[in-house]
Amino acid sequence: MSAFRVAVLPLDAVEHHPKADRLSLCRIRGFTAVVAKNPDGSHRFAPGEGVLYVPEGAVLPENLLREHGYWNEALGIGKLAGPLGNRVSAIELRGVLSQGLVWALPSPGAAVGEDFAERLGITKYVPEIPPELLGQVAVCMHAKMGYDIEGFLNYPTFFDNDEVAITEKIHGICTQVSFVPGLNDPDLFGGGDVAITSKGLGDQGLVFKNVPENADNPYVRTVLDSDLPVRLRAWAERNVPGEKVAVVSEIFGRGIQDLHYGAGTPIIRGFDVRVGRTWLDEDDKVAALADLGLERVPLLYRGRFDRALADELRSGWTTFDGANIREGIVITAIGSQEKRITDLETFIRPVLKYHSPAYLTRKGGTEYR
């Protein structure tokens, strides 16, 4: 669902940095990027001008690092984030959160919305998965999902006319459990009809095998300890006989990611349910998770969308443990989960994530998939 793009976009506003005379604030969509001014102190870009926006998580090749002044010749690496200094990340510059890079157009006449990622050799950062999260896998295309959620700041007016549910976004490992009636695959769980996989593996149609070597895998162990495969089969056969059902959950706690929410052992919480090819709406999803005996991620608000409230709710402390910062929130429109057209003429489900500045700029963070 989430598309990585390095697109041409118009600047909404260009302002002086309140605490740095040589820096400008470029407002683009819902993002702010801090940009150096021209040597004479003038803004490098103008409101309404089309620019190339390089988002967080972009990995730049050496030629672009050199071209844009992000290369450390002495060390032979870039000056950005990551061990090779080649990854764009959020950073606080003189008290302002800067997200992404703003560049002049790579070619004259480039159209708004045009994507230059492939042409420039810019790729999306995919973190390396630690050995303890890996396991023996099998191919199961019936469980292939490609699950992801777009960022709210890409579409800051998307929910302006909606009633929404806002839940806390938990920093764990996204887990997909699918019941496929009649599959009868000896490599799978729940009598051969239940597949357990991660977001990254699920993107490829790979699932964890039901073998002793996977017994200590956090995905497999936590799902089996929750008895979800048995309860998912029973729920599906009772409520939607013959249909494939997928439950998307977050597993979190000590040893999973850098934020552990005070949990000594992994915890699982559900947040999405799909029957056939249809994602359940808010009320049906809540009812299904309750029937499955799977606790939902914390609900923070339900009502008319309010941007100021969303800004407030994305930050602060988790509802699980006051010593743990909040990763952010997930905003879901009440009602149909069919894809809608955006103002960028893309189609997305009405569900978006919104990260907190503290989460984006924390040190030593992990982002396993």
# chains A, B, ... in the order shown; residues from 1 in each chain; ligands from 1
$ residues_around --residues "Leu153 in chain A" --least-positions-apart "6" --cutoff "10 Å" --atoms "only C-alpha atoms" --output "PyMOL selection string"
chain A and resi 28-32+352-355
$ residues_around --residues "Ala215 in chain A" --least-positions-apart "3" --cutoff "12 Å" --atoms "only C-alpha atoms" --output "list of chain:residue names"
A:Glu132, A:Leu133, A:Leu134, A:Gly135, A:Gln136, A:Phe189, A:Phe208, A:Lys209, A:Asn210, A:Val211, A:Pro212, A:Pro218, A:Tyr219, A:Val220, A:Arg221, A:Thr222, A:Val223, A:Leu224, A:Asp225
$ select_by_dssp --residues "range 188-227 of chain A" --states "alpha helix (DSSP H)" --output "PyMOL selection string"
chain A and resi 199-203+218-225
$ residues_around --residues "Asp21 in chain A" --least-positions-apart "5" --cutoff "9 Å" --atoms "only C-alpha atoms" --output "list of chain:residue names"
A:His16, A:Lys37, A:Gly41
$ write_last_selection --atoms "N, CA and C atoms" --output "CSV table (one decimal), in the first residue's frame"
chain,number,residue,atom,x,y,z
A,16,HIS,N,11.9,32.1,6.9
A,16,HIS,CA,13.2,32.2,7.6
A,16,HIS,C,13.2,31.3,8.8
A,37,LYS,N,20.4,28.8,2.9
A,37,LYS,CA,20.1,29.9,2.0
A,37,LYS,C,21.3,30.1,1.0
A,41,GLY,N,22.2,35.5,1.6
A,41,GLY,CA,21.1,35.5,2.6
A,41,GLY,C,19.7,35.3,2.1
$ select_by_dssp --residues "range 155-324 of chain A" --states "strand (DSSP E or B)" --output "PDB file with N, CA, C and O atoms, in the first residue's frame"
ATOM      1  N   GLU A 163     -14.945  11.247  10.177  1.00  0.00           N
ATOM      2  CA  GLU A 163     -14.878  10.769  11.550  1.00  0.00           C
ATOM      3  C   GLU A 163     -13.796   9.701  11.557  1.00  0.00           C
ATOM      4  O   GLU A 163     -13.706   8.898  10.618  1.00  0.00           O
ATOM      5  N   VAL A 164     -12.962   9.713  12.576  1.00  0.00           N
ATOM      6  CA  VAL A 164     -11.808   8.827  12.586  1.00  0.00           C
ATOM      7  C   VAL A 164     -11.657   8.119  13.932  1.00  0.00           C
ATOM      8  O   VAL A 164     -12.231   8.544  14.944  1.00  0.00           O
ATOM      9  N   ALA A 165     -10.899   7.048  13.907  1.00  0.00           N
ATOM     10  CA  ALA A 165     -10.402   6.407  15.123  1.00  0.00           C
ATOM     11  C   ALA A 165      -8.897   6.596  15.139  1.00  0.00           C
ATOM     12  O   ALA A 165      -8.228   6.361  14.124  1.00  0.00           O
ATOM     13  N   ILE A 166      -8.365   7.061  16.264  1.00  0.00           N
ATOM     14  CA  ILE A 166      -6.920   7.250  16.398  1.00  0.00           C
ATOM     15  C   ILE A 166      -6.411   6.269  17.449  1.00  0.00           C
ATOM     16  O   ILE A 166      -6.869   6.275  18.592  1.00  0.00           O
ATOM     17  N   THR A 167      -5.484   5.418  17.038  1.00  0.00           N
ATOM     18  CA  THR A 167      -4.901   4.435  17.945  1.00  0.00           C
ATOM     19  C   THR A 167      -3.416   4.714  18.120  1.00  0.00           C
ATOM     20  O   THR A 167      -2.782   5.367  17.282  1.00  0.00           O
ATOM     21  N   GLU A 168      -2.869   4.224  19.229  1.00  0.00           N
ATOM     22  CA  GLU A 168      -1.437   4.378  19.438  1.00  0.00           C
ATOM     23  C   GLU A 168      -0.682   3.446  18.509  1.00  0.00           C
ATOM     24  O   GLU A 168      -1.019   2.263  18.371  1.00  0.00           O
ATOM     25  N   LYS A 169       0.352   3.982  17.845  1.00  0.00           N
ATOM     26  CA  LYS A 169       1.207   3.150  17.010  1.00  0.00           C
ATOM     27  C   LYS A 169       2.288   2.545  17.895  1.00  0.00           C
ATOM     28  O   LYS A 169       3.013   3.264  18.579  1.00  0.00           O
ATOM     29  N   ILE A 173       7.091  -5.624  15.966  1.00  0.00           N
ATOM     30  CA  ILE A 173       7.239  -6.300  14.679  1.00  0.00           C
ATOM     31  C   ILE A 173       5.842  -6.655  14.165  1.00  0.00           C
ATOM     32  O   ILE A 173       5.056  -7.302  14.841  1.00  0.00           O
ATOM     33  N   CYS A 174       5.550  -6.174  12.975  1.00  0.00           N
ATOM     34  CA  CYS A 174       4.242  -6.411  12.371  1.00  0.00           C
ATOM     35  C   CYS A 174       4.107  -7.881  11.998  1.00  0.00           C
ATOM     36  O   CYS A 174       4.977  -8.448  11.331  1.00  0.00           O
ATOM     37  N   THR A 175       3.018  -8.492  12.450  1.00  0.00           N
ATOM     38  CA  THR A 175       2.821  -9.936  12.297  1.00  0.00           C
ATOM     39  C   THR A 175       1.507 -10.210  11.590  1.00  0.00           C
ATOM     40  O   THR A 175       0.476  -9.630  11.942  1.00  0.00           O
ATOM     41  N   GLN A 176       1.536 -11.081  10.590  1.00  0.00           N
ATOM     42  CA  GLN A 176       0.343 -11.418   9.822  1.00  0.00           C
ATOM     43  C   GLN A 176       0.017 -12.897  10.032  1.00  0.00           C
ATOM     44  O   GLN A 176       0.865 -13.759   9.826  1.00  0.00           O
ATOM     45  N   VAL A 177      -1.218 -13.154  10.453  1.00  0.00           N
ATOM     46  CA  VAL A 177      -1.682 -14.520  10.654  1.00  0.00           C
ATOM     47  C   VAL A 177      -2.885 -14.728   9.736  1.00  0.00           C
ATOM     48  O   VAL A 177      -3.891 -14.017   9.855  1.00  0.00           O
ATOM     49  N   SER A 178      -2.769 -15.675   8.811  1.00  0.00           N
ATOM     50  CA  SER A 178      -3.815 -15.885   7.812  1.00  0.00           C
ATOM     51  C   SER A 178      -4.393 -17.290   7.901  1.00  0.00           C
ATOM     52  O   SER A 178      -3.646 -18.278   7.988  1.00  0.00           O
ATOM     53  N   PHE A 179      -5.727 -17.381   7.869  1.00  0.00           N
ATOM     54  CA  PHE A 179      -6.412 -18.665   7.775  1.00  0.00           C
ATOM     55  C   PHE A 179      -6.876 -18.845   6.338  1.00  0.00           C
ATOM     56  O   PHE A 179      -7.623 -18.017   5.801  1.00  0.00           O
ATOM     57  N   PHE A 189       0.638 -23.998  10.127  1.00  0.00           N
ATOM     58  CA  PHE A 189       0.109 -24.218  11.478  1.00  0.00           C
ATOM     59  C   PHE A 189      -1.414 -24.424  11.418  1.00  0.00           C
ATOM     60  O   PHE A 189      -2.020 -24.379  10.359  1.00  0.00           O
ATOM     61  N   VAL A 194      -3.179 -22.393   8.552  1.00  0.00           N
ATOM     62  CA  VAL A 194      -2.857 -21.091   9.155  1.00  0.00           C
ATOM     63  C   VAL A 194      -1.395 -20.747   8.887  1.00  0.00           C
ATOM     64  O   VAL A 194      -0.490 -21.512   9.224  1.00  0.00           O
ATOM     65  N   ALA A 195      -1.180 -19.576   8.269  1.00  0.00           N
ATOM     66  CA  ALA A 195       0.165 -19.101   7.956  1.00  0.00           C
ATOM     67  C   ALA A 195       0.544 -17.970   8.911  1.00  0.00           C
ATOM     68  O   ALA A 195      -0.270 -17.086   9.187  1.00  0.00           O
ATOM     69  N   ILE A 196       1.770 -18.000   9.403  1.00  0.00           N
ATOM     70  CA  ILE A 196       2.314 -16.948  10.262  1.00  0.00           C
ATOM     71  C   ILE A 196       3.505 -16.338   9.540  1.00  0.00           C
ATOM     72  O   ILE A 196       4.405 -17.058   9.096  1.00  0.00           O
ATOM     73  N   THR A 197       3.505 -15.004   9.417  1.00  0.00           N
ATOM     74  CA  THR A 197       4.614 -14.371   8.713  1.00  0.00           C
ATOM     75  C   THR A 197       4.834 -12.960   9.231  1.00  0.00           C
ATOM     76  O   THR A 197       4.016 -12.408   9.968  1.00  0.00           O
ATOM     77  N   SER A 198       5.960 -12.388   8.833  1.00  0.00           N
ATOM     78  CA  SER A 198       6.283 -10.997   9.149  1.00  0.00           C
ATOM     79  C   SER A 198       5.866 -10.120   7.985  1.00  0.00           C
ATOM     80  O   SER A 198       5.513 -10.608   6.910  1.00  0.00           O
ATOM     81  N   LEU A 206       6.371 -15.354   1.597  1.00  0.00           N
ATOM     82  CA  LEU A 206       7.070 -16.333   2.431  1.00  0.00           C
ATOM     83  C   LEU A 206       6.447 -16.370   3.818  1.00  0.00           C
ATOM     84  O   LEU A 206       6.020 -15.336   4.345  1.00  0.00           O
ATOM     85  N   VAL A 207       6.413 -17.548   4.434  1.00  0.00           N
ATOM     86  CA  VAL A 207       5.842 -17.719   5.768  1.00  0.00           C
ATOM     87  C   VAL A 207       6.763 -18.614   6.591  1.00  0.00           C
ATOM     88  O   VAL A 207       7.586 -19.356   6.044  1.00  0.00           O
ATOM     89  N   PHE A 208       6.609 -18.560   7.915  1.00  0.00           N
ATOM     90  CA  PHE A 208       7.406 -19.415   8.785  1.00  0.00           C
ATOM     91  C   PHE A 208       6.884 -20.852   8.734  1.00  0.00           C
ATOM     92  O   PHE A 208       5.676 -21.087   8.748  1.00  0.00           O
ATOM     93  N   VAL A 245      -9.157 -15.369   5.891  1.00  0.00           N
ATOM     94  CA  VAL A 245      -9.167 -14.295   6.880  1.00  0.00           C
ATOM     95  C   VAL A 245      -7.732 -14.020   7.321  1.00  0.00           C
ATOM     96  O   VAL A 245      -6.986 -14.956   7.635  1.00  0.00           O
ATOM     97  N   ALA A 246      -7.361 -12.742   7.344  1.00  0.00           N
ATOM     98  CA  ALA A 246      -6.026 -12.350   7.792  1.00  0.00           C
ATOM     99  C   ALA A 246      -6.142 -11.369   8.942  1.00  0.00           C
ATOM    100  O   ALA A 246      -6.961 -10.445   8.899  1.00  0.00           O
ATOM    101  N   VAL A 247      -5.344 -11.576   9.978  1.00  0.00           N
ATOM    102  CA  VAL A 247      -5.289 -10.682  11.128  1.00  0.00           C
ATOM    103  C   VAL A 247      -3.880 -10.091  11.190  1.00  0.00           C
ATOM    104  O   VAL A 247      -2.890 -10.828  11.147  1.00  0.00           O
ATOM    105  N   VAL A 248      -3.813  -8.766  11.263  1.00  0.00           N
ATOM    106  CA  VAL A 248      -2.523  -8.079  11.346  1.00  0.00           C
ATOM    107  C   VAL A 248      -2.358  -7.551  12.765  1.00  0.00           C
ATOM    108  O   VAL A 248      -3.254  -6.882  13.298  1.00  0.00           O
ATOM    109  N   SER A 249      -1.235  -7.881  13.384  1.00  0.00           N
ATOM    110  CA  SER A 249      -0.992  -7.534  14.785  1.00  0.00           C
ATOM    111  C   SER A 249       0.414  -6.986  14.960  1.00  0.00           C
ATOM    112  O   SER A 249       1.252  -7.071  14.053  1.00  0.00           O
ATOM    113  N   GLU A 250       0.647  -6.439  16.137  1.00  0.00           N
ATOM    114  CA  GLU A 250       1.988  -5.977  16.508  1.00  0.00           C
ATOM    115  C   GLU A 250       2.452  -6.805  17.702  1.00  0.00           C
ATOM    116  O   GLU A 250       1.716  -6.984  18.673  1.00  0.00           O
ATOM    117  N   ILE A 251       3.668  -7.340  17.594  1.00  0.00           N
ATOM    118  CA  ILE A 251       4.301  -8.034  18.708  1.00  0.00           C
ATOM    119  C   ILE A 251       5.399  -7.123  19.234  1.00  0.00           C
ATOM    120  O   ILE A 251       6.231  -6.619  18.472  1.00  0.00           O
ATOM    121  N   PHE A 252       5.411  -6.878  20.535  1.00  0.00           N
ATOM    122  CA  PHE A 252       6.366  -5.941  21.101  1.00  0.00           C
ATOM    123  C   PHE A 252       6.740  -6.362  22.513  1.00  0.00           C
ATOM    124  O   PHE A 252       6.079  -7.183  23.137  1.00  0.00           O
ATOM    125  N   ILE A 267       4.369  -9.216  23.837  1.00  0.00           N
ATOM    126  CA  ILE A 267       2.915  -9.045  23.898  1.00  0.00           C
ATOM    127  C   ILE A 267       2.407  -8.904  22.471  1.00  0.00           C
ATOM    128  O   ILE A 267       3.091  -8.340  21.610  1.00  0.00           O
ATOM    129  N   ILE A 268       1.204  -9.395  22.189  1.00  0.00           N
ATOM    130  CA  ILE A 268       0.604  -9.244  20.870  1.00  0.00           C
ATOM    131  C   ILE A 268      -0.693  -8.456  20.987  1.00  0.00           C
ATOM    132  O   ILE A 268      -1.487  -8.679  21.892  1.00  0.00           O
ATOM    133  N   ARG A 269      -0.882  -7.488  20.070  1.00  0.00           N
ATOM    134  CA  ARG A 269      -2.102  -6.695  20.001  1.00  0.00           C
ATOM    135  C   ARG A 269      -2.532  -6.574  18.541  1.00  0.00           C
ATOM    136  O   ARG A 269      -1.713  -6.303  17.669  1.00  0.00           O
ATOM    137  N   GLY A 270      -3.817  -6.743  18.275  1.00  0.00           N
ATOM    138  CA  GLY A 270      -4.319  -6.682  16.908  1.00  0.00           C
ATOM    139  C   GLY A 270      -4.685  -5.276  16.473  1.00  0.00           C
ATOM    140  O   GLY A 270      -5.025  -4.439  17.310  1.00  0.00           O
ATOM    141  N   PHE A 271      -4.633  -5.014  15.163  1.00  0.00           N
ATOM    142  CA  PHE A 271      -5.054  -3.694  14.682  1.00  0.00           C
ATOM    143  C   PHE A 271      -5.710  -3.695  13.307  1.00  0.00           C
ATOM    144  O   PHE A 271      -6.226  -2.674  12.868  1.00  0.00           O
ATOM    145  N   ASP A 272      -5.745  -4.830  12.602  1.00  0.00           N
ATOM    146  CA  ASP A 272      -6.401  -4.855  11.292  1.00  0.00           C
ATOM    147  C   ASP A 272      -6.879  -6.274  10.992  1.00  0.00           C
ATOM    148  O   ASP A 272      -6.224  -7.255  11.379  1.00  0.00           O
ATOM    149  N   VAL A 273      -8.007  -6.362  10.280  1.00  0.00           N
ATOM    150  CA  VAL A 273      -8.572  -7.664   9.925  1.00  0.00           C
ATOM    151  C   VAL A 273      -9.092  -7.580   8.491  1.00  0.00           C
ATOM    152  O   VAL A 273      -9.789  -6.618   8.126  1.00  0.00           O
ATOM    153  N   ARG A 274      -8.758  -8.586   7.695  1.00  0.00           N
ATOM    154  CA  ARG A 274      -9.239  -8.655   6.316  1.00  0.00           C
ATOM    155  C   ARG A 274      -9.974  -9.963   6.093  1.00  0.00           C
ATOM    156  O   ARG A 274      -9.476 -11.033   6.458  1.00  0.00           O
ATOM    157  N   VAL A 275     -11.156  -9.891   5.488  1.00  0.00           N
ATOM    158  CA  VAL A 275     -11.937 -11.072   5.121  1.00  0.00           C
ATOM    159  C   VAL A 275     -12.018 -11.105   3.600  1.00  0.00           C
ATOM    160  O   VAL A 275     -12.542 -10.167   2.982  1.00  0.00           O
ATOM    161  N   THR A 278     -11.476  -7.819   1.508  1.00  0.00           N
ATOM    162  CA  THR A 278     -12.071  -6.633   2.115  1.00  0.00           C
ATOM    163  C   THR A 278     -11.544  -6.401   3.521  1.00  0.00           C
ATOM    164  O   THR A 278     -11.646  -7.291   4.385  1.00  0.00           O
ATOM    165  N   TRP A 279     -11.005  -5.208   3.762  1.00  0.00           N
ATOM    166  CA  TRP A 279     -10.593  -4.831   5.110  1.00  0.00           C
ATOM    167  C   TRP A 279     -11.827  -4.411   5.895  1.00  0.00           C
ATOM    168  O   TRP A 279     -12.655  -3.641   5.399  1.00  0.00           O
ATOM    169  N   ARG A 296      -6.901  -5.295  21.308  1.00  0.00           N
ATOM    170  CA  ARG A 296      -6.558  -4.330  20.280  1.00  0.00           C
ATOM    171  C   ARG A 296      -5.491  -3.358  20.792  1.00  0.00           C
ATOM    172  O   ARG A 296      -5.346  -3.156  21.997  1.00  0.00           O
ATOM    173  N   LEU A 299      -6.900   2.507  21.848  1.00  0.00           N
ATOM    174  CA  LEU A 299      -7.671   3.553  21.185  1.00  0.00           C
ATOM    175  C   LEU A 299      -7.500   4.846  21.970  1.00  0.00           C
ATOM    176  O   LEU A 299      -7.774   4.901  23.171  1.00  0.00           O
ATOM    177  N   LEU A 300      -7.061   5.906  21.295  1.00  0.00           N
ATOM    178  CA  LEU A 300      -6.823   7.197  21.938  1.00  0.00           C
ATOM    179  C   LEU A 300      -7.960   8.184  21.715  1.00  0.00           C
ATOM    180  O   LEU A 300      -8.185   9.072  22.536  1.00  0.00           O
ATOM    181  N   TYR A 301      -8.673   8.038  20.590  1.00  0.00           N
ATOM    182  CA  TYR A 301      -9.720   9.014  20.257  1.00  0.00           C
ATOM    183  C   TYR A 301     -10.613   8.444  19.167  1.00  0.00           C
ATOM    184  O   TYR A 301     -10.148   7.737  18.273  1.00  0.00           O
ATOM    185  N   ARG A 302     -11.897   8.769  19.245  1.00  0.00           N
ATOM    186  CA  ARG A 302     -12.824   8.513  18.145  1.00  0.00           C
ATOM    187  C   ARG A 302     -13.739   9.723  18.023  1.00  0.00           C
ATOM    188  O   ARG A 302     -14.355  10.156  19.001  1.00  0.00           O
ATOM    189  N   GLY A 303     -13.811  10.283  16.843  1.00  0.00           N
ATOM    190  CA  GLY A 303     -14.639  11.460  16.621  1.00  0.00           C
ATOM    191  C   GLY A 303     -14.215  12.174  15.356  1.00  0.00           C
ATOM    192  O   GLY A 303     -13.432  11.650  14.552  1.00  0.00           O
ATOM    193  N   ARG A 304     -14.736  13.390  15.164  1.00  0.00           N
ATOM    194  CA  ARG A 304     -14.396  14.186  13.986  1.00  0.00           C
ATOM    195  C   ARG A 304     -12.900  14.487  13.969  1.00  0.00           C
ATOM    196  O   ARG A 304     -12.317  14.814  15.002  1.00  0.00           O
ATOM    197  N   TRP A 317       3.979  10.171  25.969  1.00  0.00           N
ATOM    198  CA  TRP A 317       4.352   8.862  26.500  1.00  0.00           C
ATOM    199  C   TRP A 317       3.352   7.804  26.065  1.00  0.00           C
ATOM    200  O   TRP A 317       2.173   8.071  25.877  1.00  0.00           O
TER     201      TRP A 317
END
